[in-house]
Each structure stands twice: as structure tokens, then as C-alpha cells.
Amino acid sequence: MTKQQEKKGSLLALLPLLIFVLLFIGTGILANDFSKMPLSVAVIIAATVALLMNRKESLTKKIDIFCKGAGHSNIILMCVIFVLAGAFAGVAKEMGAVESTVNLGLTLLPANLLMVGLFIIGCFISTSMGTSMGTVVALAPIGLGIATQTDIPTALAMATVVGGAMFGDNLSMISDTTIAAARTQETQMKDKFKVNFFIVLPGAIVTAILLGIITLGNHASVAGDHPYELVKVLPYVAVLVAALLGVNVLIVLLGGTIFAGIIGIAYGSYDFLGFLQTVAKGVMSMEDIAIVAILIGGLVEIIKYNGGIDYLLHFVTSKIRSKKGAEFGIASLVSVADIATANNTISIIITGPLAKNIADEYEIDGRKSASILDLFSSCWQGIVPYGGQLLAAASIASISPVSILPYSFYPILMGICGVIAILVGYPKLQRKKAILTNPPLKEKSL
């Protein structure tokens with residue numbers, strides 16, 4: 001029996017987490033819109049319930065525990081990375097980087113491989129931008145235009161856009177899911193990228209082949225001019241290359257923001273004061289996810305103190321008999337969390353500390369556990385019909401999000417690749433010690 005199995009914990013301590021999930025799902029069902037319940041409000045309500053529990057401790061002591069979790073160095077650094085990623089994305093978009101990148105792809109798009117090209121463009125843009133929602137909004141109208149000019153089903157075009165968007169959401173160095181997965185597992189993002197990339201690459205290749213076969217014989221040219229400035233694509237390339245070379249992520253994002261700002265000022269997209277205002281807007285765009293991360297950090301700490309995490313660990317590890325079983329356990333936890341919340345970043349933040357404890361118990365490399373968290377949460381995020389990505393694509397195309405599901409090749413293949421990687425033990429990794437951009441942590445959990 002493992003140490004974790006000896007600590008049975010308390011099922012009641014998980015009540016705040018259950019309330020959080022029920023608030024989100026219940027409001028979504030009643031309002032027929034899963035965006036109606038603000039995540040920050042749901043977490044505040046759940047945290048209030050957590051603070052009212054365990055009457056053996058004083059409220060002052062429980063608030064202190066909450067603040068300790070909310071202010072954990074891992075959480076705060078994650079939030080700093082979030083806001084810097086927002087600043088870079090905002091500055092790059094405002095100076096025309098997104099438009100130039102899309103138009104460059106459309107210019108190179110072969111007429112006989114429209115969906116394959118659209119998928120590849122989506123993969124590149126989402127990896128560059130670090131946002132699946134931004135990619136869907138940018139490419140869905142183009143996918144719709146292609147569908148109306150050919151016999152390609154509109155649902156297939158939207159599924160292709162969503163698939164490309166989820167590719168980068170899972171891998172991008174500035175994606176909030178990658179940031180959350182790497183930070184909670186105490187590993188470097190470039191290391192997680194390398195492991196994650198080779199797991200999902202076969203899925204991306206098979207998706208491209210399937211799209212090519214299904215749309216064989218469909219020819220059309222995307223109407224209109226597609227002007228682009230190659231220099232405006234460079235900030236995305238620079239950030240991706242610098243991150244892969246192992247440059248500190250804070251320096252990468254700061255440098256990328258300044259680089260994009262210089263190009264924007266030089267091309268008249270904004271003046272210096274406009275650049276500063278754009279930075280502020282980008283920071284504010286990530287404010288909600290940063291606040292939610294802080295609140296969830298405090299909530300998880302209270303749940304941990306009351307024995308909820310120990311209960312989950314005991315429940316999960318009691319079913320685990322091997323390292324592969326532990327990896328499937330992590331995959332199951334984050335999958336359930338994403339299905340419940342329809343938000344892959346939040347699902348990682350919620351399950352990350354538990355996944356880290358399981359990974360430590362069964363000697364799973366942090367690069368692998370981070371990849372599993374990000375991969376399976378992104379897989380489900382690209383499938384659940386009430387997720388933001390499918391809802392956005394369906395709204396633009398005026399179709400039902402359920403109609404997109406039969407064509408959701410990449411998200412499904414991503415999950416299959418993840419399952420195969422666990423079954424065959426790929427990749428073979430020698431466990432690394434945690435490598436962080438801040439001093440080593442004394443505590444494992446958030």
C-alpha cells in the first residue's frame with residue numbers, strides 16, 4: 001500500500017468543487033448557454049462554501065490557508081505569464097500579424113487541397129497566437145466561404161478550423177493551457193512541447209490525409225485579394241523559435257511584445273502611446289483567467305487542508321496498479337474536469353495539483369504528465385458541443401455545433417494518440433527533476 005492510499009481523506013471536503021461544477025453546468029443547461037455563468041463568480045461561491053466548512057478551525061485560520069494557496073509562487077508566476085502572453089497577443093494582432101499570417105496562408109493555399117491547407121494554416125496560426133478561440137474567429141469565415149464555393153459540407157469546414165485551432169492550443173508556448181500544464185507539473189514548456197508534439201503529430205498527419213481524401217476533386221479559389229506583410233509574421237516565428245531554444249518564457253514574451261510593437265509603430269499601426277494602450281488591453285484580456293487561477297489556487301488549498309485531495313488520491317490510486325494506470329488516471333481526471341467545465345485551462349488548473357501528486361507517487365516524468373493534462377483536456381475541448389470553440393464556429397456558420405462532431409477528426413485522433421502513447425509507454429523518458437524559472441518549491445501542491 002502506498003503512502004497516498006493510507007490517507008483516505010474526506011469526501012465531504014470535495015463539496016465546494018462539486019458546487020463549482022454544478023453551478024457551471026446547471027446554469028448552462030437552464031440558460032441554454034454555458035457562457036452565462038462567469039467562472040470567477042462560480043469559484044467565489046465555491047470558495048465561500050469551503051471557508052464555511054470545517055468549524056474546528058477559525059475563519060481567520062481558513063482565510064490564511066486560502067491566501068497561502070492563492071498566493072503560491074507557482075500560481076503567481078502562472079498569472080504573470082498569462083498577462084504577458086495577453087500583451088504579446090494583443091500587440092501582435094493590433095499591428096496586423098494575424099491578418100498577414102492568414103493571408104499568407106491563403107496565398108499559398110493550393111486549390112485542390114483546400115481543407116488540408118486550411119487545417120495546416122489553423123495549426124500554424126493557433127501555435128503562433130496561443131489561442132484556439134482567436135484562431136476559430138479568424139478562420140471560420142474563410143472556411144465558410146470555401147464551403148459555399150464548393151461541395152464541401154459546411155460542418156466539415158468548421159470542424160477543420162476547430163481541429164487546427166486545438167492543435168496549437170495544445171502546443172503553443174503562449175497558450176494558457178500549456179502554461180498551466182507546465183507550471184502545475186513543474187517542468188519547462190519547451191520540454192513539454194517536444195514530448196507533446198511527437199505524441200500528437202501522427203494524429204495531425206492522419207487528419208490531413210483524411211481531409212485530402214474526403215475533399216478530393218473539390219477545386220475553388222478563395223475570393224478577394226489577400227495582401228500580407230511578411231515582416232508582420234516574424235514576431236510569431238521569433239517567439240516560437242526563442243521558446244524552443246530554451247529562452248526564459250518571461251523574456252520571450254517581453255521581447256516578443258517589444259518586437260511586435262516596433263514593427264507596429266514602424267508600419268503606422270499605432271504610435272508609442274497607442275502601443276502602450278494596446279499592451280494594457282492585452283493584459284486586461286487575460287485578467288479573468290488570472291483571477292480565476294488565483295481563486296482556484298486558494299480553493300484547492302482549502303480542499304486539500306480539509307482532506308479532499310487525500311480522498312481523491314486514495315480513490316484514484318486504489319484503482320491504479322501500474323505506472324500506465326496512473327497515467328490513465330491523470331487522463332481521466334482532466335477529461336472529466338473538461339467535460340464538466342468546458343474549459344481546458346480551468347480543468348488543468350483544477351486537476352494539476354492532484355496529477356502532480358500522482359506523477360510523483362508513480363514516478364511519471366513531469367514532461368509526460370504535463371502532456372497528458374494538456375492533450376486530453378484539449379481533445380475533449382474540441383469535441384464537447386457546448387465548448388467555446390464549437391459554439392463560436394457553429395455561430396459563424398449558422399449551423400448546430402452537434403453537426404460538426406462527425407467531422408472532428410483531429411480532436412478525436414489527438415485522444416487516440418494519447419491513449420496509444422500511454423499503452424506503449426511512449427516516449428521513453430528518464431525522470432527529470434523539476435526545472436523552474438523560480439527557485440525550487442518546498443511544497444508539491446498548489
# chains A, B, ... in the order shown; residues from 1 in each chain; ligands from 1
$ residues_around --residues "Asn103 (chain A)" --least-positions-apart "6" --cutoff "7 Å" --atoms "only C-alpha atoms" --output "PyMOL selection string"
chain A and resi 226-228
$ residues_around --residues "Ala355 (chain A)" --least-positions-apart "3" --cutoff "10 Å" --atoms "only C-alpha atoms" --output "ChimeraX atom specification"
/A:181,184-185,313,326-327,329-331,333-334,348,350-352,358-361,364,366,369-370,372-373,445
$ residues_around --residues "Asn54 (chain A)" --least-positions-apart "3" --cutoff "8 Å" --atoms "only C-alpha atoms" --output "PDB file with C-alpha atoms, in the first residue's frame"
ATOM      1  CA  LEU A  51     -14.406  28.657   4.095  1.00  0.00           C
ATOM      2  CA  GLU A  57     -10.758  25.847  12.606  1.00  0.00           C
ATOM      3  CA  ASN A 306      -9.873  19.572   4.745  1.00  0.00           C
TER       4      ASN A 306
END
$ closest_atom_pairs --of "region 63-147 of chain A" --to "region 238-253 of chain A" --cutoff "9 Å" --atoms "only C-alpha atoms" --output "Markdown table"
| residue | atom | partner | partner_atom | distance |
| --- | --- | --- | --- | --- |
| A:Val80 | CA | A:Leu250 | CA | 8.3 |
| A:Ile81 | CA | A:Leu250 | CA | 6.6 |
| A:Leu84 | CA | A:Leu253 | CA | 6.0 |
| A:Ala85 | CA | A:Leu253 | CA | 6.2 |
| A:Ala87 | CA | A:Leu253 | CA | 8.2 |
| A:Phe88 | CA | A:Leu253 | CA | 6.3 |
| A:Thr127 | CA | A:Leu240 | CA | 8.1 |
| A:Ser128 | CA | A:Leu240 | CA | 6.9 |
$ closest_residue --among "A:Ala13, A:Ile125, A:Pro38, A:Asp338" --to "Ser175 (chain A)" --atoms "only C-alpha atoms"
A:Ile125
$ select_by_dssp --residues "region 205-327 of chain A" --states "alpha helix (DSSP H)" --output "MDAnalysis selection string"
chainID A and resid 205:214 234:244 249:266 272:285 287:305 308:318 323:327
$ closest_residue --among "A:Gly90, A:Tyr305, A:Gly388, A:Phe66" --to "Thr341 (chain A)" --atoms "only C-alpha atoms"
A:Gly388
$ atom_distance --atom1 "CA of Ile294 (chain A)" --atom2 "CA of Gln389 (chain A)"
24.3 Å
$ residues_around --residues "Ile404 (chain A)" --least-positions-apart "4" --cutoff "8 Å" --atoms "only C-alpha atoms" --output "PyMOL selection string"
chain A and resi 155-156+158-159+390+394+400+408
$ closest_residue --among "A:Val161, A:Ala290, A:Leu299, A:Leu104" --to "Leu14 (chain A)" --atoms "only C-alpha atoms"
A:Leu299
$ residues_around --residues "region 194-202 of chain A" --least-positions-apart "4" --cutoff "6 Å" --atoms "only C-alpha atoms" --output "PyMOL selection string"
chain A and resi 371+414+417
$ atom_distance --atom1 "CA of Val384 (chain A)" --atom2 "CA of Ala342 (chain A)"
7.1 Å
$ atom_distance --atom1 "CA of Phe328 (chain A)" --atom2 "CA of Val424 (chain A)"
12.3 Å
$ residues_around --residues "region 110-116 of chain A" --least-positions-apart "5" --cutoff "10 Å" --atoms "only C-alpha atoms" --output "ChimeraX atom specification"
/A:105,121-122,143,146-147,150,152,156-161,164,205,207-222
$ closest_residue --among "A:Asp64, A:Asp33, A:Glu94, A:Asp288" --to "Gly261 (chain A)" --atoms "only C-alpha atoms"
A:Glu94
$ closest_residue --among "A:Val402, A:Ser347, A:Ala97, A:Ile412" --to "Tyr267 (chain A)" --atoms "only C-alpha atoms"
A:Ala97
$ closest_residue --among "A:Gly203, A:Asn32, A:Gln188, A:Ile296" --to "Val419 (chain A)" --atoms "only C-alpha atoms"
A:Gly203
$ residues_around --residues "Thr27 (chain A)" --least-positions-apart "6" --cutoff "12 Å" --atoms "only C-alpha atoms" --output "NGL selection string"
:A and (19-21 or 33-39 or 41-42 or 341)
